[in-house]
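Below is the file start-v9.csv, which contains CSV, N, CA, C and O atoms.
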chain,number,residue,atom,x,y,z
A,1,MET,N,106.6,71.5,76.1
A,1,MET,CA,106.4,71.4,74.7
A,1,MET,C,107.4,72.3,74.0
A,1,MET,O,107.6,73.5,74.4
A,2,LYS,N,108.0,71.8,72.9
A,2,LYS,CA,108.9,72.6,72.1
A,2,LYS,C,108.2,73.2,70.9
A,2,LYS,O,107.6,72.4,70.2
A,3,LEU,N,108.3,74.5,70.7
A,3,LEU,CA,107.7,75.1,69.5
A,3,LEU,C,108.7,75.0,68.3
A,3,LEU,O,109.9,75.0,68.5
A,4,HIS,N,108.2,74.9,67.1
A,4,HIS,CA,109.1,74.8,66.0
A,4,HIS,C,109.7,76.1,65.7
A,4,HIS,O,110.8,76.2,65.2
A,5,ARG,N,109.0,77.2,66.0
A,5,ARG,CA,109.6,78.5,65.9
A,5,ARG,C,109.2,79.3,67.1
A,5,ARG,O,108.0,79.2,67.5
A,6,PRO,N,110.1,80.2,67.6
A,6,PRO,CA,109.7,80.9,68.8
A,6,PRO,C,108.6,82.0,68.5
A,6,PRO,O,108.6,82.5,67.4
A,7,LEU,N,107.8,82.2,69.5
A,7,LEU,CA,106.8,83.2,69.3
A,7,LEU,C,107.4,84.6,69.5
A,7,LEU,O,108.5,84.7,70.1
A,8,PRO,N,106.9,85.6,68.8
A,8,PRO,CA,107.4,86.9,69.0
A,8,PRO,C,107.5,87.3,70.5
A,8,PRO,O,106.6,86.9,71.3
A,9,THR,N,108.5,88.1,70.8
A,9,THR,CA,108.7,88.5,72.2
A,9,THR,C,107.5,89.2,72.8
A,9,THR,O,107.1,88.9,73.9
A,10,ALA,N,106.8,90.0,72.0
A,10,ALA,CA,105.6,90.7,72.5
A,10,ALA,C,104.5,89.8,72.8
A,10,ALA,O,103.8,90.0,73.8
A,11,VAL,N,104.4,88.7,72.1
A,11,VAL,CA,103.4,87.7,72.3
A,11,VAL,C,103.7,86.9,73.6
A,11,VAL,O,102.9,86.7,74.5
A,12,GLN,N,105.0,86.5,73.7
A,12,GLN,CA,105.4,85.8,74.9
A,12,GLN,C,105.2,86.7,76.2
A,12,GLN,O,104.7,86.2,77.2
A,13,ARG,N,105.5,88.0,76.1
A,13,ARG,CA,105.2,88.8,77.3
A,13,ARG,C,103.7,89.0,77.6
A,13,ARG,O,103.3,89.0,78.7
A,14,ALA,N,102.9,89.1,76.5
A,14,ALA,CA,101.5,89.2,76.7
A,14,ALA,C,100.9,88.0,77.4
A,14,ALA,O,100.0,88.1,78.3
A,15,VAL,N,101.3,86.8,76.9
A,15,VAL,CA,100.8,85.5,77.5
A,15,VAL,C,101.3,85.5,79.0
A,15,VAL,O,100.5,85.1,79.9
A,16,PHE,N,102.5,85.8,79.3
A,16,PHE,CA,103.0,85.8,80.6
A,16,PHE,C,102.2,86.8,81.5
A,16,PHE,O,101.8,86.4,82.6
A,17,ARG,N,101.9,88.0,81.0
A,17,ARG,CA,101.2,89.0,81.8
A,17,ARG,C,99.7,88.5,82.0
A,17,ARG,O,99.2,88.6,83.1
A,18,LEU,N,99.1,87.9,81.0
A,18,LEU,CA,97.8,87.3,81.2
A,18,LEU,C,97.7,86.3,82.2
A,18,LEU,O,96.9,86.3,83.1
A,19,VAL,N,98.6,85.3,82.2
A,19,VAL,CA,98.7,84.3,83.2
A,19,VAL,C,99.0,84.8,84.6
A,19,VAL,O,98.3,84.5,85.5
A,20,GLN,N,99.9,85.7,84.6
A,20,GLN,CA,100.3,86.3,85.9
A,20,GLN,C,99.0,87.1,86.5
A,20,GLN,O,98.7,86.9,87.7
A,21,GLU,N,98.3,87.8,85.7
A,21,GLU,CA,97.2,88.6,86.2
A,21,GLU,C,96.0,87.6,86.6
A,21,GLU,O,95.4,87.8,87.6
A,22,GLY,N,95.8,86.6,85.8
A,22,GLY,CA,94.8,85.6,86.1
A,22,GLY,C,95.0,84.9,87.4
A,22,GLY,O,94.1,84.7,88.2
A,23,LEU,N,96.3,84.5,87.6
A,23,LEU,CA,96.6,83.8,88.9
A,23,LEU,C,96.5,84.7,90.1
A,23,LEU,O,96.1,84.3,91.2
A,24,THR,N,97.0,85.9,89.9
A,24,THR,CA,96.9,86.9,91.0
A,24,THR,C,95.4,87.1,91.4
A,24,THR,O,95.1,87.2,92.5
A,25,ASN,N,94.5,87.3,90.3
A,25,ASN,CA,93.1,87.5,90.6
A,25,ASN,C,92.5,86.3,91.3
A,25,ASN,O,91.7,86.5,92.2
A,26,ALA,N,92.9,85.1,90.9
A,26,ALA,CA,92.3,83.9,91.5
A,26,ALA,C,92.7,83.8,93.0
A,26,ALA,O,91.9,83.5,93.8
A,27,ARG,N,94.0,84.1,93.2
A,27,ARG,CA,94.4,84.1,94.6
A,27,ARG,C,93.8,85.2,95.5
A,27,ARG,O,93.4,84.9,96.6
A,28,LYS,N,93.5,86.3,94.9
A,28,LYS,CA,92.9,87.5,95.6
A,28,LYS,C,91.4,87.3,95.8
A,28,LYS,O,90.9,87.6,96.9
A,29,HIS,N,90.7,86.8,94.8
A,29,HIS,CA,89.3,86.8,94.8
A,29,HIS,C,88.7,85.4,95.1
A,29,HIS,O,87.5,85.3,95.4
A,30,ALA,N,89.5,84.4,95.0
A,30,ALA,CA,89.0,83.0,95.3
A,30,ALA,C,90.1,82.3,96.0
A,30,ALA,O,90.6,81.2,95.5
A,31,PRO,N,90.6,82.7,97.2
A,31,PRO,CA,91.7,82.1,97.9
A,31,PRO,C,91.4,80.6,98.1
A,31,PRO,O,90.3,80.2,98.6
A,32,GLY,N,92.3,79.8,97.8
A,32,GLY,CA,92.2,78.3,98.0
A,32,GLY,C,91.4,77.6,96.9
A,32,GLY,O,91.3,76.4,96.9
A,33,ALA,N,90.9,78.4,95.9
A,33,ALA,CA,90.2,77.8,94.8
A,33,ALA,C,91.1,77.0,93.9
A,33,ALA,O,92.3,77.3,93.8
A,34,GLU,N,90.6,76.0,93.3
A,34,GLU,CA,91.3,75.2,92.3
A,34,GLU,C,91.4,76.1,91.0
A,34,GLU,O,90.4,76.6,90.6
A,35,VAL,N,92.6,76.1,90.4
A,35,VAL,CA,92.8,76.9,89.2
A,35,VAL,C,93.4,76.0,88.1
A,35,VAL,O,94.3,75.2,88.4
A,36,HIS,N,92.8,76.0,86.9
A,36,HIS,CA,93.3,75.2,85.8
A,36,HIS,C,93.9,76.2,84.7
A,36,HIS,O,93.2,77.1,84.4
A,37,LEU,N,95.1,75.9,84.2
A,37,LEU,CA,95.7,76.6,83.2
A,37,LEU,C,96.1,75.7,82.0
A,37,LEU,O,96.7,74.7,82.2
A,38,GLN,N,95.7,76.1,80.8
A,38,GLN,CA,96.1,75.4,79.6
A,38,GLN,C,96.6,76.4,78.6
A,38,GLN,O,95.9,77.3,78.3
A,39,ILE,N,97.8,76.1,78.0
A,39,ILE,CA,98.3,77.0,77.0
A,39,ILE,C,98.5,76.1,75.8
A,39,ILE,O,99.3,75.1,75.9
A,40,THR,N,97.9,76.4,74.7
A,40,THR,CA,98.0,75.6,73.5
A,40,THR,C,98.5,76.5,72.3
A,40,THR,O,98.1,77.6,72.2
A,41,THR,N,99.5,76.0,71.6
A,41,THR,CA,100.0,76.7,70.4
A,41,THR,C,99.7,75.9,69.1
A,41,THR,O,99.8,74.7,69.1
A,42,THR,N,99.3,76.7,68.1
A,42,THR,CA,99.0,76.1,66.8
A,42,THR,C,99.6,77.1,65.8
A,42,THR,O,99.1,78.2,65.7
A,43,GLY,N,100.6,76.7,65.1
A,43,GLY,CA,101.3,77.6,64.2
A,43,GLY,C,101.8,78.8,65.0
A,43,GLY,O,102.5,78.7,66.0
A,44,GLY,N,101.4,80.0,64.6
A,44,GLY,CA,101.8,81.2,65.3
A,44,GLY,C,100.8,81.7,66.3
A,44,GLY,O,100.9,82.8,66.9
A,45,ARG,N,99.7,80.9,66.5
A,45,ARG,CA,98.6,81.3,67.4
A,45,ARG,C,98.8,80.7,68.8
A,45,ARG,O,99.3,79.5,68.9
A,46,VAL,N,98.4,81.4,69.8
A,46,VAL,CA,98.5,80.9,71.2
A,46,VAL,C,97.1,81.0,71.8
A,46,VAL,O,96.5,82.1,71.8
A,47,LEU,N,96.6,79.9,72.4
A,47,LEU,CA,95.3,79.9,73.1
A,47,LEU,C,95.7,79.7,74.6
A,47,LEU,O,96.3,78.7,74.9
A,48,THR,N,95.4,80.7,75.4
A,48,THR,CA,95.6,80.6,76.9
A,48,THR,C,94.3,80.5,77.6
A,48,THR,O,93.5,81.4,77.4
A,49,GLU,N,94.0,79.4,78.3
A,49,GLU,CA,92.8,79.3,79.0
A,49,GLU,C,93.1,79.1,80.5
A,49,GLU,O,93.8,78.2,80.9
A,50,LEU,N,92.5,80.0,81.3
A,50,LEU,CA,92.7,80.0,82.7
A,50,LEU,C,91.3,79.9,83.4
A,50,LEU,O,90.5,80.7,83.1
A,51,VAL,N,91.1,78.9,84.2
A,51,VAL,CA,89.7,78.7,84.8
A,51,VAL,C,89.9,78.6,86.3
A,51,VAL,O,90.7,77.8,86.8
A,52,ALA,N,89.1,79.4,87.0
A,52,ALA,CA,89.2,79.4,88.5
A,52,ALA,C,87.8,79.3,89.0
A,52,ALA,O,86.8,79.7,88.4
A,53,GLU,N,87.7,78.6,90.1
A,53,GLU,CA,86.3,78.4,90.7
A,53,GLU,C,85.8,79.8,91.1
A,53,GLU,O,86.5,80.7,91.2
A,54,PRO,N,84.5,79.9,91.2
A,54,PRO,CA,83.9,81.2,91.5
A,54,PRO,C,84.4,81.7,92.9
A,54,PRO,O,84.7,81.0,93.8
A,55,GLY,N,84.6,83.0,92.9
A,55,GLY,CA,85.1,83.7,94.1
A,55,GLY,C,84.2,85.0,94.3
A,55,GLY,O,83.1,85.1,93.7
A,56,ARG,N,84.7,85.9,95.0
A,56,ARG,CA,84.0,87.1,95.3
A,56,ARG,C,84.0,87.9,94.0
A,56,ARG,O,84.9,87.9,93.2
A,57,PRO,N,82.9,88.7,93.7
A,57,PRO,CA,82.9,89.5,92.6
A,57,PRO,C,83.9,90.6,92.7
A,57,PRO,O,84.3,91.1,93.8
A,58,SER,N,84.5,91.1,91.6
A,58,SER,CA,85.4,92.2,91.6
A,58,SER,C,85.2,93.0,90.3
A,58,SER,O,84.5,92.7,89.4
A,59,ALA,N,85.9,94.2,90.3
A,59,ALA,CA,85.7,95.1,89.2
A,59,ALA,C,86.4,94.7,87.9
A,59,ALA,O,86.0,95.1,86.9
A,60,HIS,N,87.4,93.9,88.1
A,60,HIS,CA,88.2,93.3,86.9
A,60,HIS,C,88.7,94.4,86.0
A,60,HIS,O,88.7,94.4,84.8
A,61,HIS,N,89.3,95.5,86.7
A,61,HIS,CA,89.9,96.6,85.9
A,61,HIS,C,91.0,96.2,85.1
A,61,HIS,O,91.3,96.7,84.0
A,62,ALA,N,91.8,95.2,85.6
A,62,ALA,CA,93.0,94.7,84.8
A,62,ALA,C,92.6,94.1,83.5
A,62,ALA,O,93.4,94.1,82.5
A,63,MET,N,91.4,93.6,83.4
A,63,MET,CA,91.0,93.0,82.1
A,63,MET,C,91.0,93.9,81.0
A,63,MET,O,91.3,93.5,79.8
A,64,VAL,N,90.7,95.2,81.2
A,64,VAL,CA,90.7,96.2,80.1
A,64,VAL,C,92.1,96.3,79.5
A,64,VAL,O,92.2,96.2,78.3
A,65,GLY,N,93.1,96.4,80.3
A,65,GLY,CA,94.4,96.5,79.8
A,65,GLY,C,94.9,95.3,79.1
A,65,GLY,O,95.6,95.3,78.1
A,66,LEU,N,94.5,94.1,79.7
A,66,LEU,CA,94.9,92.9,79.0
A,66,LEU,C,94.2,92.7,77.7
A,66,LEU,O,94.8,92.2,76.7
A,67,ARG,N,92.9,93.1,77.6
A,67,ARG,CA,92.2,93.0,76.4
A,67,ARG,C,92.8,93.9,75.3
A,67,ARG,O,93.0,93.5,74.2
A,68,GLU,N,93.2,95.1,75.7
A,68,GLU,CA,93.8,96.0,74.8
A,68,GLU,C,95.1,95.5,74.3
A,68,GLU,O,95.5,95.6,73.1
A,69,CYS,N,95.9,94.9,75.2
A,69,CYS,CA,97.2,94.3,74.8
A,69,CYS,C,97.0,93.2,73.8
A,69,CYS,O,97.7,93.1,72.8
A,70,ALA,N,96.0,92.3,74.0
A,70,ALA,CA,95.7,91.2,73.1
A,70,ALA,C,95.3,91.8,71.7
A,70,ALA,O,95.8,91.3,70.7
A,71,GLU,N,94.5,92.8,71.7
A,71,GLU,CA,94.0,93.4,70.4
A,71,GLU,C,95.2,94.0,69.7
A,71,GLU,O,95.2,93.9,68.4
A,72,LEU,N,96.1,94.7,70.4
A,72,LEU,CA,97.2,95.3,69.7
A,72,LEU,C,98.1,94.2,69.0
A,72,LEU,O,98.7,94.5,68.0
A,73,LEU,N,98.1,93.0,69.5
A,73,LEU,CA,98.8,91.9,68.9
A,73,LEU,C,98.0,91.1,67.9
A,73,LEU,O,98.4,90.0,67.5
A,74,GLY,N,96.8,91.5,67.6
A,74,GLY,CA,95.9,90.8,66.7
A,74,GLY,C,95.1,89.7,67.3
A,74,GLY,O,94.5,88.9,66.6
A,75,GLY,N,95.0,89.7,68.6
A,75,GLY,CA,94.3,88.6,69.3
A,75,GLY,C,93.1,89.2,70.0
A,75,GLY,O,92.6,90.3,69.8
A,76,THR,N,92.5,88.3,70.8
A,76,THR,CA,91.3,88.7,71.6
A,76,THR,C,91.4,88.2,73.0
A,76,THR,O,92.2,87.3,73.3
A,77,LEU,N,90.6,88.7,73.9
A,77,LEU,CA,90.6,88.3,75.3
A,77,LEU,C,89.1,88.3,75.7
A,77,LEU,O,88.4,89.2,75.5
A,78,THR,N,88.7,87.1,76.2
A,78,THR,CA,87.3,87.0,76.6
A,78,THR,C,87.2,86.5,78.0
A,78,THR,O,87.9,85.6,78.4
A,79,ARG,N,86.3,87.0,78.8
A,79,ARG,CA,86.1,86.6,80.1
A,79,ARG,C,84.6,86.2,80.3
A,79,ARG,O,83.7,86.9,79.9
A,80,THR,N,84.4,85.0,80.8
A,80,THR,CA,83.0,84.5,81.0
A,80,THR,C,82.9,84.0,82.4
A,80,THR,O,83.8,83.5,83.0
A,81,LEU,N,81.7,84.2,83.0
A,81,LEU,CA,81.4,83.6,84.3
A,81,LEU,C,80.4,82.5,84.1
A,81,LEU,O,79.4,82.6,83.4
A,82,GLY,N,80.7,81.4,84.7
A,82,GLY,CA,79.8,80.2,84.7
A,82,GLY,C,79.7,79.5,86.0
A,82,GLY,O,80.5,79.9,86.9
A,83,GLU,N,78.9,78.5,86.1
A,83,GLU,CA,78.7,77.8,87.3
A,83,GLU,C,80.0,77.1,87.7
A,83,GLU,O,80.3,77.0,88.9
A,84,GLU,N,80.8,76.7,86.7
A,84,GLU,CA,82.1,76.0,87.0
A,84,GLU,C,83.2,76.9,87.3
A,84,GLU,O,84.3,76.5,87.7
A,85,GLY,N,83.0,78.2,87.1
A,85,GLY,CA,84.1,79.1,87.4
A,85,GLY,C,84.2,80.3,86.4
A,85,GLY,O,83.3,80.5,85.6
A,86,THR,N,85.3,81.0,86.6
A,86,THR,CA,85.6,82.1,85.7
A,86,THR,C,86.5,81.7,84.6
A,86,THR,O,87.6,81.1,84.9
A,87,HIS,N,86.2,81.9,83.4
A,87,HIS,CA,87.1,81.6,82.3
A,87,HIS,C,87.6,82.8,81.6
A,87,HIS,O,86.9,83.7,81.3
A,88,ILE,N,88.9,82.8,81.4
A,88,ILE,CA,89.6,83.9,80.7
A,88,ILE,C,90.3,83.3,79.5
A,88,ILE,O,91.1,82.4,79.7
A,89,LEU,N,89.9,83.7,78.3
A,89,LEU,CA,90.5,83.1,77.1
A,89,LEU,C,91.1,84.2,76.3
A,89,LEU,O,90.6,85.3,76.2
Please express the file's structure as structure tokens.
Amino acid sequence: MKLHRPLPTAVQRAVFRLVQEGLTNARKHAPGAEVHLQITTTGGRVLTELVAEPGRPSAHHAMVGLRECAELLGGTLTRTLGEEGTHIL
């Protein structure tokens, strides 16, 4: 997908870091689980959704830093656990 205008570098890095951490956690805590990633852009906003099948429980310490990063850029980060897996938005 081609964007009409590039996202700020800080936003690009934050999205990269979020996806990187989400995939690392999925591999670590749910090896072999199916993972779905969707990144949607609307104007200057980016919605990143990463869904992994349930795995072992973990402390999710990295979520704190990722949440703070999102907030510094005017965004939010939400993690939910459901029957179909872990959602990070």
What does the structure give for the distance between atom N of Val35 of chain A and atom CA of Ala52 of chain A, in Å to one decimal?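 Taking atom N of Val35 of chain A and atom CA of Ala52 of chain A, their separation equals 5.1 Å.
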Using all atoms listed in the file, can you list as a PyMOL selection string the residues within 6 Å of (93.2, 76.0, 77.6)? chain A and resi 37-40+47-50
Let me see the file: selected residues, N, CA, C and O atoms, as a PDB file, in the coordinates of the input.
ATOM      1  N   LEU A  37      95.100  75.900  84.200  1.00  0.00           N
ATOM      2  CA  LEU A  37      95.700  76.600  83.200  1.00  0.00           C
ATOM      3  C   LEU A  37      96.100  75.700  82.000  1.00  0.00           C
ATOM      4  O   LEU A  37      96.700  74.700  82.200  1.00  0.00           O
ATOM      5  N   GLN A  38      95.700  76.100  80.800  1.00  0.00           N
ATOM      6  CA  GLN A  38      96.100  75.400  79.600  1.00  0.00           C
ATOM      7  C   GLN A  38      96.600  76.400  78.600  1.00  0.00           C
ATOM      8  O   GLN A  38      95.900  77.300  78.300  1.00  0.00           O
ATOM      9  N   ILE A  39      97.800  76.100  78.000  1.00  0.00           N
ATOM     10  CA  ILE A  39      98.300  77.000  77.000  1.00  0.00           C
ATOM     11  C   ILE A  39      98.500  76.100  75.800  1.00  0.00           C
ATOM     12  O   ILE A  39      99.300  75.100  75.900  1.00  0.00           O
ATOM     13  N   THR A  40      97.900  76.400  74.700  1.00  0.00           N
ATOM     14  CA  THR A  40      98.000  75.600  73.500  1.00  0.00           C
ATOM     15  C   THR A  40      98.500  76.500  72.300  1.00  0.00           C
ATOM     16  O   THR A  40      98.100  77.600  72.200  1.00  0.00           O
ATOM     17  N   LEU A  47      96.600  79.900  72.400  1.00  0.00           N
ATOM     18  CA  LEU A  47      95.300  79.900  73.100  1.00  0.00           C
ATOM     19  C   LEU A  47      95.700  79.700  74.600  1.00  0.00           C
ATOM     20  O   LEU A  47      96.300  78.700  74.900  1.00  0.00           O
ATOM     21  N   THR A  48      95.400  80.700  75.400  1.00  0.00           N
ATOM     22  CA  THR A  48      95.600  80.600  76.900  1.00  0.00           C
ATOM     23  C   THR A  48      94.300  80.500  77.600  1.00  0.00           C
ATOM     24  O   THR A  48      93.500  81.400  77.400  1.00  0.00           O
ATOM     25  N   GLU A  49      94.000  79.400  78.300  1.00  0.00           N
ATOM     26  CA  GLU A  49      92.800  79.300  79.000  1.00  0.00           C
ATOM     27  C   GLU A  49      93.100  79.100  80.500  1.00  0.00           C
ATOM     28  O   GLU A  49      93.800  78.200  80.900  1.00  0.00           O
ATOM     29  N   LEU A  50      92.500  80.000  81.300  1.00  0.00           N
ATOM     30  CA  LEU A  50      92.700  80.000  82.700  1.00  0.00           C
ATOM     31  C   LEU A  50      91.300  79.900  83.400  1.00  0.00           C
ATOM     32  O   LEU A  50      90.500  80.700  83.100  1.00  0.00           O
TER      33      LEU A  50
END
Might you pull out every residue within 7 Å of Ala33 of chain A, with all atoms listed in the file counted and same-chain residues fewer than 4 positions away left off, and present them as a list in words? Ala26, Arg27, Ala52, Glu53 and Pro54 of chain A
If you measure from atom CA of Arg13 of chain A to atom CA of Val64 of chain A, what distance in Å do you get, rounded to one decimal?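 Computing it gives 16.5 Å between the two atoms.
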Gap from atom CA of Arg5 of chain A to atom O of Val19 of chain A - Å, one decimal: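 Computing it gives 23.4 Å between the two atoms.
Using only C-alpha atoms, the protein and nucleic acid residues lying no more than 12 Å from Pro8 of chain A, apart from those fewer than 4 places from it along its own chain, are Leu3, Gln12, Arg13, Ala14, Val15, Gly44, Arg45, Val46 and Leu73 of chain A.
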